[in-house]
Structures are given as C-alpha cells and as structure tokens.
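Working notes for the structure below.
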Amino acid sequence: QVQLVESGGGLVQAGGSLRLSCAASGRTFSGYTMAWFRQAPGKEREFVSAISGSGFTTYYADSVKGRFTISRDNTKNTVSLQMNSLKPEDTAVYYCAAKPASMFAPVTPRSGYSSGYTYWGQGTQVTVSS
C-alpha cells in the first residue's frame, strides 16, 4: 500500500513558476513508476509527465515539454514537478500517481495511460491567471 500526498499548488501569474511535490509512504519507492496527471474543470484527466523508478528516463506530454521537469529523490520518497513558463491553460488539479514497475523499466508513451496507475494522491490545485 502506498499513500501519496501532493503539495505546492497555488495561484501564479502567466509566465511564472511553481514546484509541485509528492511524498510517498511505504518502502521500495524505487519500485514504482511515478507520474503526474491533471484535470481541468469540465475536462478529462490528462497525462503530464512520468519518471521511471530509477529516475533515468522521463516522458512528457507535448503540451508541457520544454516547460515542465519531473524528478525524484528515492532517498526521500518524493517526486517533484517543476513548472516554468506557466500558461492559463495549465490551470487544473494536479495528481500524483504510482504504479509498480521494475526500477530500471523505462517510461514510454504507454506510461501516459491513467488506467495503469494503482495509487493516486488527493490532488493539488494550480491556477494560472492571465
């Protein structure tokens, strides 16, 4: 059982930055592929980024590529999402998610399917004003 708690959301002006963090309980954190998803009002949940258990591979949605950076610290059981050059369309509730995987299994486009993730956080609101 893994519990995920997100933090770091808030209100920011367009062009600004925010850093989201997700703290995970339990052991063997490196045995989970971690990801961020987001859901805007009236829209379906969408994939943002994923990172392998080792941290060696990452994958991003086209909409955030070059602006967002995912990272993890397996010694602290945390995964972070650094968001730069934020746009109003980035406004959403951001969710941290985890799925069991080999530590060295690379993330691929299949890592973007939400159905593959077993554990989810409660979400943190990010609002970007224009």
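Note on naming: chains are A, B, ... as they come in the structure tokens, residues start from 1 per chain, ligands start from 1 in the order shown.
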Could you list, as a ChimeraX atom specification, every residue within 9 Å of region 39-41 of chain A, counting only C-alpha atoms and ignoring same-chain residues fewer than 2 positions away? /A:37,43-47,89-95
Quick one: everything within 8 Å of Phe56 (chain A), counting only C-alpha atoms, minus sequence neighbours fewer than 3 positions away in the same chain. Send it as a VMD selection string. chain A and resid 51 to 53 104 106
Check the smallest atom-to-atom distance from each of A:Pro100, A:Thr108, A:Gly10, A:Lys76 to Ala23 (chain A) using only C-alpha atoms, then report the winner. A:Lys76
List the spatial neighbours of Asn84 (chain A) as a PDB file with all heavy atoms, in the first residue's frame - criterion: any atom at most 8 Å away, only C-alpha atoms, same-chain residues fewer than 6 positions off excluded.
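Here's the written file part.pdb:
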```pdb
ATOM      1  N   GLY A  15       3.406  32.958 -17.048  1.00  0.00           N
ATOM      2  CA  GLY A  15       4.835  33.166 -17.168  1.00  0.00           C
ATOM      3  C   GLY A  15       5.608  32.816 -15.914  1.00  0.00           C
ATOM      4  O   GLY A  15       6.841  32.737 -15.943  1.00  0.00           O
ATOM      5  N   GLY A  16       4.892  32.601 -14.836  1.00  0.00           N
ATOM      6  CA  GLY A  16       5.523  32.281 -13.575  1.00  0.00           C
ATOM      7  C   GLY A  16       5.851  30.804 -13.426  1.00  0.00           C
ATOM      8  O   GLY A  16       5.684  30.018 -14.364  1.00  0.00           O
ATOM      9  N   SER A  17       6.305  30.450 -12.224  1.00  0.00           N
ATOM     10  CA  SER A  17       6.731  29.078 -11.946  1.00  0.00           C
ATOM     11  C   SER A  17       6.124  28.570 -10.653  1.00  0.00           C
ATOM     12  O   SER A  17       5.820  29.355  -9.744  1.00  0.00           O
ATOM     13  CB  SER A  17       8.262  29.012 -11.827  1.00  0.00           C
ATOM     14  OG  SER A  17       8.896  29.392 -13.027  1.00  0.00           O
ATOM     15  N   LEU A  18       5.961  27.261 -10.600  1.00  0.00           N
ATOM     16  CA  LEU A  18       5.558  26.567  -9.382  1.00  0.00           C
ATOM     17  C   LEU A  18       6.290  25.233  -9.342  1.00  0.00           C
ATOM     18  O   LEU A  18       6.628  24.671 -10.397  1.00  0.00           O
ATOM     19  CB  LEU A  18       4.052  26.299  -9.353  1.00  0.00           C
ATOM     20  CG  LEU A  18       3.107  27.407  -8.912  1.00  0.00           C
ATOM     21  CD1 LEU A  18       1.664  26.945  -9.057  1.00  0.00           C
ATOM     22  CD2 LEU A  18       3.381  27.869  -7.496  1.00  0.00           C
ATOM     23  N   ARG A  67       8.872  22.954 -20.770  1.00  0.00           N
ATOM     24  CA  ARG A  67       8.471  23.882 -19.700  1.00  0.00           C
ATOM     25  C   ARG A  67       8.450  23.214 -18.333  1.00  0.00           C
ATOM     26  O   ARG A  67       8.755  23.853 -17.327  1.00  0.00           O
ATOM     27  CB  ARG A  67       7.083  24.449 -19.994  1.00  0.00           C
ATOM     28  CG  ARG A  67       6.974  25.214 -21.297  1.00  0.00           C
ATOM     29  CD  ARG A  67       5.619  25.910 -21.413  1.00  0.00           C
ATOM     30  NE  ARG A  67       4.502  24.969 -21.433  1.00  0.00           N
ATOM     31  CZ  ARG A  67       3.489  25.003 -20.556  1.00  0.00           C
ATOM     32  NH1 ARG A  67       3.462  25.914 -19.604  1.00  0.00           N
ATOM     33  NH2 ARG A  67       2.504  24.123 -20.657  1.00  0.00           N
ATOM     34  N   PHE A  68       8.090  21.940 -18.297  1.00  0.00           N
ATOM     35  CA  PHE A  68       7.995  21.207 -17.042  1.00  0.00           C
ATOM     36  C   PHE A  68       9.147  20.206 -16.950  1.00  0.00           C
ATOM     37  O   PHE A  68       9.601  19.654 -17.957  1.00  0.00           O
ATOM     38  CB  PHE A  68       6.685  20.433 -16.966  1.00  0.00           C
ATOM     39  CG  PHE A  68       5.451  21.281 -16.814  1.00  0.00           C
ATOM     40  CD1 PHE A  68       5.475  22.654 -16.974  1.00  0.00           C
ATOM     41  CD2 PHE A  68       4.231  20.674 -16.525  1.00  0.00           C
ATOM     42  CE1 PHE A  68       4.335  23.417 -16.847  1.00  0.00           C
ATOM     43  CE2 PHE A  68       3.076  21.425 -16.382  1.00  0.00           C
ATOM     44  CZ  PHE A  68       3.125  22.796 -16.551  1.00  0.00           C
TER      45      PHE A  68
END
```
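Close contacts of region 61-65 of chain A, defined as residues with an atom at most 12 Å away when counting only C-alpha atoms, with chain neighbours fewer than 4 positions off set aside, comprise A:Ala35, A:Trp36, A:Phe37, A:Arg38, A:Glu46, A:Phe47, A:Val48, A:Ser49, A:Ala50, A:Thr69, A:Ile70, A:Leu81, A:Gln82, A:Met83, A:Asn84, A:Ser85, A:Leu86, A:Lys87, A:Glu89, A:Asp90, A:Thr108, A:Pro109, A:Arg110, A:Ser111, A:Gly112, A:Tyr113.
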Residue nearest Thr118 (chain A) among A:Arg72, A:Glu6, A:Lys99, A:Ser25 (counting only C-alpha atoms): A:Lys99
Would you work out the distance separating CA of Gln125 (chain A) from CA of Val107 (chain A), expressed in Å to one decimal? 25.5 Å
Could you please determine the separation between CA of Ser7 (chain A) and CA of Ser21 (chain A) in Å, to one decimal place?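 That distance, rounded to one decimal, is 5.3 Å.
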Neighbouring residues of Pro88 (chain A) were defined as those with any atom within 10 Å, considering only C-alpha atoms; residues of the same chain fewer than 4 positions away were excluded. Please report them as JSON, numbers by chain. {"A": [12, 13, 14, 15, 92, 126, 127, 128, 129, 130]}
According to DSSP computed on the backbone, where in chain A is there strand (DSSP E)? Give the residues as a VMD selection string. chain A and resid 4 to 7 10 to 13 18 to 24 32 to 39 46 to 51 58 to 60 68 to 73 78 to 83 92 to 100 119 to 120 124 to 129
8 Å contact set for Met103 (chain A), only C-alpha atoms, chain neighbours under 6 positions out, as a list in words: Ser30, Gly31, Tyr32, Thr33, Ser52, Gly53 and Ser54 of chain A
Residue subset to file, keeping N, CA, C and O atoms, as a PDB file, in the first residue's frame:
```
ATOM      1  N   SER A  30      11.528   3.101  -5.053  1.00  0.00           N
ATOM      2  CA  SER A  30      12.143   2.977  -6.371  1.00  0.00           C
ATOM      3  C   SER A  30      11.476   1.901  -7.222  1.00  0.00           C
ATOM      4  O   SER A  30      11.734   1.813  -8.423  1.00  0.00           O
ATOM      5  N   GLY A  31      10.635   1.094  -6.610  1.00  0.00           N
ATOM      6  CA  GLY A  31       9.914   0.069  -7.340  1.00  0.00           C
ATOM      7  C   GLY A  31       8.608   0.560  -7.949  1.00  0.00           C
ATOM      8  O   GLY A  31       7.761  -0.254  -8.304  1.00  0.00           O
ATOM      9  N   TYR A  32       8.475   1.853  -8.085  1.00  0.00           N
ATOM     10  CA  TYR A  32       7.265   2.440  -8.665  1.00  0.00           C
ATOM     11  C   TYR A  32       7.630   3.447  -9.739  1.00  0.00           C
ATOM     12  O   TYR A  32       8.464   4.332  -9.519  1.00  0.00           O
ATOM     13  N   THR A  33       6.985   3.322 -10.888  1.00  0.00           N
ATOM     14  CA  THR A  33       6.981   4.415 -11.846  1.00  0.00           C
ATOM     15  C   THR A  33       6.042   5.469 -11.294  1.00  0.00           C
ATOM     16  O   THR A  33       4.946   5.158 -10.838  1.00  0.00           O
ATOM     17  N   SER A  52      10.739   6.993 -14.474  1.00  0.00           N
ATOM     18  CA  SER A  52      10.976   5.611 -14.096  1.00  0.00           C
ATOM     19  C   SER A  52      11.445   5.513 -12.646  1.00  0.00           C
ATOM     20  O   SER A  52      11.838   6.515 -12.032  1.00  0.00           O
ATOM     21  N   GLY A  53      11.410   4.299 -12.120  1.00  0.00           N
ATOM     22  CA  GLY A  53      11.805   4.072 -10.737  1.00  0.00           C
ATOM     23  C   GLY A  53      13.217   4.525 -10.430  1.00  0.00           C
ATOM     24  O   GLY A  53      13.505   5.028  -9.338  1.00  0.00           O
ATOM     25  N   SER A  54      14.098   4.336 -11.381  1.00  0.00           N
ATOM     26  CA  SER A  54      15.491   4.745 -11.210  1.00  0.00           C
ATOM     27  C   SER A  54      15.687   6.237 -11.400  1.00  0.00           C
ATOM     28  O   SER A  54      16.702   6.791 -10.980  1.00  0.00           O
TER      29      SER A  54
END
```
